[in-house]
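Novice: Got a structure for you, input22.pdb, holding PDB, C-alpha atoms.
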ATOM      1  CA  MET A 290      20.660 114.707  85.805
ATOM      2  CA  GLU A 291      16.924 114.931  85.257
ATOM      3  CA  ASN A 292      16.485 117.611  87.940
ATOM      4  CA  ASP A 293      19.225 119.927  86.689
ATOM      5  CA  HIS A 294      16.642 122.484  85.616
ATOM      6  CA  LEU A 295      15.619 122.898  89.224
ATOM      7  CA  HIS A 296      19.073 124.174  90.105
ATOM      8  CA  HIS A 297      19.465 126.278  86.966
ATOM      9  CA  PRO A 298      16.030 127.821  86.410
ATOM     10  CA  HIS A 299      15.317 129.074  82.927
ATOM     11  CA  PRO A 300      12.941 131.877  81.945
ATOM     12  CA  VAL A 301       9.349 131.051  81.164
ATOM     13  CA  LEU A 302       7.289 133.504  79.165
ATOM     14  CA  PRO A 303       4.339 134.784  81.185
ATOM     15  CA  ILE A 304       0.986 133.550  79.947
ATOM     16  CA  ILE A 305      -0.628 136.774  78.797
ATOM     17  CA  THR A 306      -3.807 136.553  76.779
ATOM     18  CA  ARG A 307      -6.664 138.807  75.834
ATOM     19  CA  SER A 308     -10.304 137.925  76.214
ATOM     20  CA  SER A 309     -12.808 138.647  73.492
ATOM     21  CA  SER A 310     -14.684 140.934  75.866
ATOM     22  CA  GLN A 311     -11.706 143.310  76.072
ATOM     23  CA  SER A 312     -11.924 144.891  72.652
ATOM     24  CA  SER A 313     -10.775 148.431  73.428
ATOM     25  CA  PHE A 314      -8.502 150.375  75.717
ATOM     26  CA  GLY A 315     -11.534 152.001  77.305
ATOM     27  CA  SER A 316     -12.728 148.712  78.793
ATOM     28  CA  ARG A 317     -11.654 147.219  82.113
ATOM     29  CA  ALA A 318     -13.410 143.930  81.371
ATOM     30  CA  GLY A 319     -11.725 140.611  80.685
ATOM     31  CA  THR A 320      -8.119 139.730  81.316
ATOM     32  CA  PRO A 321      -6.090 142.221  83.389
ATOM     33  CA  VAL A 322      -3.161 142.106  80.981
ATOM     34  CA  ASP A 323      -3.821 143.326  77.451
ATOM     35  CA  ILE A 324      -2.338 141.645  74.401
ATOM     36  CA  ASP A 325       0.516 144.165  74.182
ATOM     37  CA  GLY A 326       1.282 144.141  77.888
ATOM     38  CA  MET A 327      -0.896 147.056  78.991
ATOM     39  CA  SER A 328      -2.838 146.534  82.224
ATOM     40  CA  TRP A 329      -6.248 148.126  82.623
ATOM     41  CA  PRO A 330      -5.357 150.890  80.163
ATOM     42  CA  SER A 331      -7.397 154.085  80.358
ATOM     43  CA  LYS A 332      -8.280 156.349  77.463
ATOM     44  CA  GLY A 333      -5.060 157.947  76.208
ATOM     45  CA  THR A 334      -2.755 155.500  77.999
ATOM     46  CA  LYS A 335      -1.339 153.901  74.880
ATOM     47  CA  HIS A 336      -0.720 157.251  73.204
ATOM     48  CA  ARG A 337       1.165 158.530  76.242
ATOM     49  CA  ARG A 338       3.321 155.413  76.331
ATOM     50  CA  ASP A 339       4.181 155.576  72.638
ATOM     51  CA  GLU A 340       4.519 159.338  72.181
ATOM     52  CA  SER A 341       7.634 160.963  70.747
ATOM     53  CA  THR A 342       9.905 163.377  72.607
ATOM     54  CA  GLU A 343       8.225 166.280  70.822
ATOM     55  CA  GLU A 344       4.754 165.041  71.739
ATOM     56  CA  ARG A 345       5.812 164.638  75.366
ATOM     57  CA  LYS A 346       7.038 168.234  75.411
ATOM     58  CA  VAL A 347       3.629 169.389  74.122
ATOM     59  CA  ARG A 348       1.914 167.343  76.849
ATOM     60  CA  GLN A 349       4.135 168.859  79.536
ATOM     61  CA  ASP A 350       3.584 172.393  78.249
ATOM     62  CA  LYS A 351      -0.213 171.981  78.262
ATOM     63  CA  ILE A 352      -0.143 170.759  81.864
ATOM     64  CA  ALA A 353       2.035 173.739  82.814
ATOM     65  CA  GLU A 354      -0.424 176.119  81.132
ATOM     66  CA  ALA A 355      -3.283 174.572  83.086
ATOM     67  CA  ILE A 356      -1.391 174.943  86.362
ATOM     68  CA  LYS A 357      -0.763 178.619  85.608
ATOM     69  CA  VAL A 358      -4.525 179.102  85.223
ATOM     70  CA  ILE A 359      -5.140 177.308  88.523
ATOM     71  CA  LEU A 360      -2.644 179.557  90.300
ATOM     72  CA  SER A 361      -4.464 182.610  88.996
ATOM     73  CA  TYR A 362      -7.873 181.347  90.066
ATOM     74  CA  ILE A 363      -6.831 180.502  93.630
ATOM     75  CA  GLY A 364      -5.830 184.157  93.991
ATOM     76  CA  GLU A 365      -2.095 183.894  93.354
ATOM     77  CA  ASP A 366       0.143 185.728  90.922
ATOM     78  CA  PRO A 367       1.778 183.119  88.655
ATOM     79  CA  ASP A 368       4.268 185.748  87.477
ATOM     80  CA  ARG A 369       5.769 186.498  90.875
ATOM     81  CA  GLU A 370       9.325 185.289  91.414
ATOM     82  CA  GLY A 371       8.548 182.271  93.591
ATOM     83  CA  LEU A 372       5.910 180.902  91.196
ATOM     84  CA  GLN A 373       7.347 181.664  87.771
ATOM     85  CA  LYS A 374       8.730 178.164  87.278
ATOM     86  CA  THR A 375       6.155 176.342  89.409
ATOM     87  CA  PRO A 376       3.867 175.341  86.505
ATOM     88  CA  GLU A 377       6.794 173.725  84.653
ATOM     89  CA  ARG A 378       8.048 172.019  87.817
ATOM     90  CA  TYR A 379       4.606 170.690  88.679
ATOM     91  CA  ALA A 380       4.032 169.433  85.140
ATOM     92  CA  LYS A 381       7.252 167.409  85.302
ATOM     93  CA  ALA A 382       6.392 166.167  88.782
ATOM     94  CA  LEU A 383       2.869 165.104  87.786
ATOM     95  CA  LEU A 384       4.152 163.118  84.829
ATOM     96  CA  PHE A 385       6.559 161.359  87.193
ATOM     97  CA  PHE A 386       3.838 160.721  89.785
ATOM     98  CA  THR A 387       1.740 159.036  87.075
ATOM     99  CA  LYS A 388       4.499 157.234  85.172
ATOM    100  CA  GLY A 389       2.669 153.943  85.690
ATOM    101  CA  TYR A 390       0.525 154.841  82.688
ATOM    102  CA  GLU A 391       3.624 154.566  80.503
ATOM    103  CA  GLN A 392       4.743 151.171  81.778
ATOM    104  CA  ASN A 393       4.211 147.870  80.033
ATOM    105  CA  ILE A 394       3.920 144.857  82.322
ATOM    106  CA  ARG A 395       5.920 142.740  79.852
ATOM    107  CA  ASP A 396       8.841 145.132  80.301
ATOM    108  CA  VAL A 397       8.371 145.203  84.073
ATOM    109  CA  ILE A 398       8.498 141.401  84.274
ATOM    110  CA  ASN A 399      11.273 141.297  81.642
ATOM    111  CA  GLU A 400      11.057 137.495  81.273
ATOM    112  CA  ALA A 401      11.933 137.032  84.955
ATOM    113  CA  VAL A 402       9.466 134.138  85.366
ATOM    114  CA  PHE A 403      11.152 130.801  86.030
ATOM    115  CA  GLU A 404      10.261 127.173  86.495
ATOM    116  CA  GLU A 405      11.235 126.134  90.000
ATOM    117  CA  ASP A 406      10.376 123.194  92.263
ATOM    118  CA  HIS A 407       9.013 125.336  95.077
ATOM    119  CA  ASP A 408       5.487 125.205  96.459
ATOM    120  CA  GLU A 409       5.793 127.117  99.720
ATOM    121  CA  MET A 410       4.749 130.679 100.426
ATOM    122  CA  VAL A 411       6.801 133.548  98.988
ATOM    123  CA  ILE A 412       6.309 136.964 100.604
ATOM    124  CA  VAL A 413       7.695 140.424  99.912
ATOM    125  CA  LYS A 414       6.405 142.728 102.628
ATOM    126  CA  ASP A 415       6.394 146.416 103.516
ATOM    127  CA  VAL A 416       6.983 147.728  99.992
ATOM    128  CA  ASP A 417       6.746 151.527 100.163
ATOM    129  CA  VAL A 418       4.301 152.937  97.617
ATOM    130  CA  PHE A 419       3.060 156.387  96.629
ATOM    131  CA  SER A 420      -0.068 157.179  94.667
ATOM    132  CA  LEU A 421      -2.564 159.933  93.888
ATOM    133  CA  CYS A 422      -6.194 159.635  94.926
ATOM    134  CA  GLU A 423      -8.278 159.936  91.772
ATOM    135  CA  HIS A 424     -11.042 161.831  93.604
ATOM    136  CA  HIS A 425      -8.967 164.796  94.814
ATOM    137  CA  MET A 426      -5.566 164.206  93.163
ATOM    138  CA  VAL A 427      -3.763 164.393  96.497
ATOM    139  CA  PRO A 428      -1.307 161.737  97.663
ATOM    140  CA  PHE A 429      -1.883 158.592  99.611
ATOM    141  CA  THR A 430       1.165 156.687 100.790
ATOM    142  CA  GLY A 431       1.766 153.415 102.548
ATOM    143  CA  LYS A 432       3.100 149.900 102.360
ATOM    144  CA  ILE A 433       2.089 146.810 100.413
ATOM    145  CA  SER A 434       2.790 143.181 101.292
ATOM    146  CA  ILE A 435       2.497 140.581  98.538
ATOM    147  CA  GLY A 436       2.493 136.818  98.924
ATOM    148  CA  TYR A 437       1.937 133.891  96.602
ATOM    149  CA  ILE A 438       2.278 130.121  96.590
ATOM    150  CA  PRO A 439       3.954 128.993  93.346
ATOM    151  CA  ASN A 440       2.686 126.298  91.064
ATOM    152  CA  ARG A 441       6.173 125.596  89.628
ATOM    153  CA  ARG A 442       6.424 129.191  88.384
ATOM    154  CA  VAL A 443       8.260 131.895  90.351
ATOM    155  CA  VAL A 444       9.043 135.522  89.549
ATOM    156  CA  GLY A 445      12.068 137.607  90.465
ATOM    157  CA  LEU A 446      11.422 139.139  93.898
ATOM    158  CA  SER A 447      12.117 142.694  92.769
ATOM    159  CA  LYS A 448       9.396 142.322  90.138
ATOM    160  CA  LEU A 449       6.735 142.147  92.846
ATOM    161  CA  ALA A 450       7.779 145.591  94.065
ATOM    162  CA  ARG A 451       7.960 146.893  90.489
ATOM    163  CA  ILE A 452       4.454 145.656  89.711
ATOM    164  CA  ALA A 453       3.181 147.387  92.842
ATOM    165  CA  GLU A 454       4.862 150.617  91.749
ATOM    166  CA  MET A 455       3.482 150.362  88.225
ATOM    167  CA  PHE A 456      -0.092 150.234  89.476
ATOM    168  CA  THR A 457       0.291 152.816  92.240
ATOM    169  CA  ARG A 458       1.940 155.399  89.979
ATOM    170  CA  ARG A 459      -1.461 156.248  88.504
ATOM    171  CA  LEU A 460      -4.616 157.989  89.648
ATOM    172  CA  GLN A 461      -6.006 155.316  91.924
ATOM    173  CA  VAL A 462      -8.248 154.218  94.741
ATOM    174  CA  GLN A 463      -6.718 151.888  97.299
ATOM    175  CA  GLU A 464      -9.307 149.146  96.856
ATOM    176  CA  ARG A 465      -8.666 148.948  93.126
ATOM    177  CA  VAL A 466      -4.876 148.968  93.209
ATOM    178  CA  THR A 467      -4.852 146.159  95.784
ATOM    179  CA  LYS A 468      -6.978 143.967  93.529
ATOM    180  CA  GLN A 469      -5.111 144.901  90.347
ATOM    181  CA  ILE A 470      -1.793 143.721  91.774
ATOM    182  CA  ALA A 471      -3.289 140.420  92.928
ATOM    183  CA  THR A 472      -5.208 139.756  89.724
ATOM    184  CA  SER A 473      -2.206 140.469  87.491
ATOM    185  CA  LEU A 474       0.023 138.091  89.468
ATOM    186  CA  MET A 475      -2.639 135.374  89.266
ATOM    187  CA  GLU A 476      -2.679 135.657  85.483
ATOM    188  CA  ILE A 477       1.078 135.955  84.980
ATOM    189  CA  LEU A 478       2.192 133.202  87.380
ATOM    190  CA  GLN A 479      -0.926 131.009  87.598
ATOM    191  CA  PRO A 480       0.026 130.161  91.193
ATOM    192  CA  GLN A 481      -1.952 128.269  93.815
ATOM    193  CA  GLY A 482      -2.929 131.626  95.255
ATOM    194  CA  VAL A 483      -2.038 135.302  95.716
ATOM    195  CA  ALA A 484      -2.507 137.585  98.726
ATOM    196  CA  VAL A 485      -2.051 141.362  98.781
ATOM    197  CA  VAL A 486      -2.482 143.636 101.802
ATOM    198  CA  MET A 487      -2.073 147.412 101.638
ATOM    199  CA  GLU A 488      -2.091 149.947 104.467
ATOM    200  CA  ALA A 489      -2.029 153.620 103.554
ATOM    201  CA  SER A 490      -2.600 157.118 104.836
ATOM    202  CA  HIS A 491      -4.733 159.379 102.648
ATOM    203  CA  LEU A 492      -4.126 163.116 102.643
ATOM    204  CA  CYS A 493      -7.706 163.630 101.435
ATOM    205  CA  MET A 494      -8.721 162.447 104.922
ATOM    206  CA  CYS A 495      -5.911 164.241 106.759
ATOM    207  CA  MET A 496      -5.927 167.685 105.101
ATOM    208  CA  ARG A 497      -9.609 168.065 104.162
ATOM    209  CA  GLY A 498     -12.966 166.453 104.849
ATOM    210  CA  VAL A 499     -12.898 164.775 108.276
ATOM    211  CA  GLN A 500      -9.319 166.046 108.835
ATOM    212  CA  LYS A 501      -8.081 163.058 110.825
ATOM    213  CA  PRO A 502      -4.255 162.905 110.667
ATOM    214  CA  GLY A 503      -2.838 159.557 111.674
ATOM    215  CA  SER A 504      -5.737 157.504 110.340
ATOM    216  CA  ALA A 505      -4.854 154.512 108.166
ATOM    217  CA  THR A 506      -6.822 152.459 105.671
ATOM    218  CA  THR A 507      -6.173 148.743 105.168
ATOM    219  CA  THR A 508      -7.325 146.769 102.124
ATOM    220  CA  SER A 509      -6.708 143.173 101.137
ATOM    221  CA  CYS A 510      -7.268 140.871  98.201
ATOM    222  CA  MET A 511      -7.068 137.095  98.659
ATOM    223  CA  MET A 512      -7.179 134.728  95.691
ATOM    224  CA  GLY A 513      -6.866 130.978  95.258
ATOM    225  CA  VAL A 514      -5.840 129.055  98.390
ATOM    226  CA  PHE A 515      -5.488 132.265 100.385
ATOM    227  CA  ARG A 516      -9.230 132.767  99.944
ATOM    228  CA  SER A 517     -10.359 129.155 100.243
ATOM    229  CA  ASN A 518      -8.073 128.012 103.090
ATOM    230  CA  PRO A 519      -8.331 129.977 106.367
ATOM    231  CA  LYS A 520      -5.094 128.455 107.722
ATOM    232  CA  THR A 521      -3.102 129.575 104.674
ATOM    233  CA  ARG A 522      -4.614 133.046 104.911
ATOM    234  CA  GLU A 523      -3.829 133.276 108.627
ATOM    235  CA  GLU A 524      -0.223 132.137 108.054
ATOM    236  CA  PHE A 525       0.268 134.934 105.546
ATOM    237  CA  LEU A 526      -1.313 137.561 107.800
ATOM    238  CA  THR A 527       0.802 136.406 110.739
ATOM    239  CA  LEU A 528       4.042 136.539 108.742
ATOM    240  CA  ILE A 529       3.482 140.060 107.422
ATOM    241  CA  ARG A 530       2.761 141.348 110.952
ATOM    242  CA  ARG A 531       6.150 140.211 112.298
TER     243      ARG A 531
END
How would this structure read if it were set down as structure tokens?

Specialist:
Amino acid sequence: MENDHLHHPHPVLPIITRSSSQSSFGSRAGTPVDIDGMSWPSKGTKHRRDESTEERKVRQDKIAEAIKVILSYIGEDPDREGLQKTPERYAKALLFFTKGYEQNIRDVINEAVFEEDHDEMVIVKDVDVFSLCEHHMVPFTGKISIGYIPNRRVVGLSKLARIAEMFTRRLQVQERVTKQIATSLMEILQPQGVAVVMEASHLCMCMRGVQKPGSATTTSCMMGVFRSNPKTREEFLTLIRR
């Protein structure tokens, strides 16, 4: 039957290219997905991803040493019983909190892009995410809802959550991470449109500065038909509020 492939979808390799303007890892210009699968890599990102076990141990030890200095300069005694292992613990925790720097979007997608005869909205909502504000390095946490309208290319639903985690597990600002998720999906899937909405609570607002616990920040990024068609945008916003 000529439509058999619609019932047995087969993987399609994501279209990932690199623009001529993106000539180094220090640049955020051009395509969001680098030629080797990195996404908006910062200085040192590639080395961290490719480092050996020995090199990772050196990285962890240097972070621990820095934390020990910080403990001393806030007036604590890093050698007292309760803090002796804190620098090592925090170093391990910080590397976990920022593991998104080590992730390759090709591996995250893992060829889970398929041809499918579907052109209606796909939404994964209320994905819990955790990140670190790059201004104060304190957490902000919240939920992300992602929607797209396929153009005969769909991605495994869990991959949407994994992409969100990859970008949030870095030093971030909420406005940027919202746009990075949307832009990457536009390039990988080439859909009719992508919509991303994020609502988060920032400890830099709750614990310092204006000190307003309970405040929330909402950001959105609409691309394609979600930006050009108000009815499509409103349908998405209505569905994620249910």

Novice: If the PyMOL selection byres ((chain A and resi 416) around 10) were run on this exact file, what residues would it hold? Put them as a VMD selection string.

Specialist: chain A and resid 413 to 415 417 to 418 431 to 435 449 to 451 453 to 454 487

Novice: Using all atoms listed in the file, can you tell me which of A:His424, A:Lys468, A:Arg345, A:Arg522 comes closest to Leu384 of chain A?

Specialist: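 The answer is A:Arg345, which sits nearest to Leu384 of chain A.
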
Novice: At most 6 Å from (1.0, 133.3, 103.3), file frame, all atoms listed in the file: which residues, as a list in words?

Specialist: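 With a cut-off of 6 Å, the residues come to Met410, Gly436, Thr521, Arg522, Glu524 and Phe525 of chain A.
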
Novice: Padding of 3 Å on every side, edges along x, y and z, all listed atoms of segment 414-432 of chain A included: what centre and edge lengths in Å, to one decimal, does that box have, as AutoDock Vina command-line options?

Specialist:
--center_x -2.0 --center_y 153.8 --center_z 97.6 --size_x 24.0 --size_y 28.1 --size_z 17.7

Novice: Name every residue that the PyMOL selection byres ((chain A and resi 390) around 9) selects in this structure, writing the answer as JSON, numbers by chain with chains first and numbers rising.

Specialist: {"A": [327, 328, 330, 331, 334, 335, 337, 338, 387, 388, 389, 391, 392, 393, 455, 456, 458, 459]}

Novice: Choose the residue, out of A:Val514, A:Ala382, A:Ile394, A:Leu526, that has the smallest atom-to-atom separation from Glu476 of chain A; count all atoms listed in the file.

Specialist: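 Using all atoms listed in the file, Glu476 of chain A sits closest to A:Ile394.
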
Novice: Suppose you want the space between atom CA of Phe403 of chain A and atom CA of Pro480 of chain A; what is it in Å?

Specialist: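 If I compute the distance from atom CA of Phe403 of chain A to atom CA of Pro480 of chain A, I get 12.3 Å.
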
Novice: To one decimal place in Å, what is the distance between atom CA of Leu478 of chain A and atom CA of Cys422 of chain A?

Specialist: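 These atoms are spaced 28.7 Å apart.
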
Novice: So what do you get for atom CA of Lys381 of chain A versus atom CA of Asp350 of chain A, distance-wise?

Specialist: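 It comes out at 9.4 Å.
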
Novice: Please enumerate the residues selected by the PyMOL selection byres ((chain A and resi 484) around 9) when evaluated against the supplied file, formatted as a PyMOL selection string.

Specialist: chain A and resi 434-437+471+482-483+485-486+509-513+515-516+522+525

Novice: Go through A:Arg378, A:Trp329, A:Arg369, A:Lys520 and flag the residue nearest Ile352 of chain A, using only C-alpha atoms for the distances.

Specialist: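 Among the listed residues, the smallest separation from Ile352 of chain A belongs to A:Arg378.
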
Novice: Around the point (2.0, 168.3, 82.3), in the coordinates given by the file, pick out the residues reaching within 6 Å, counting only C-alpha atoms, and return them as a list in words.

Specialist: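 It turns out the residues near that spot are Arg348, Gln349, Asp350, Lys351, Ile352, Ala353 and Ala380 of chain A.
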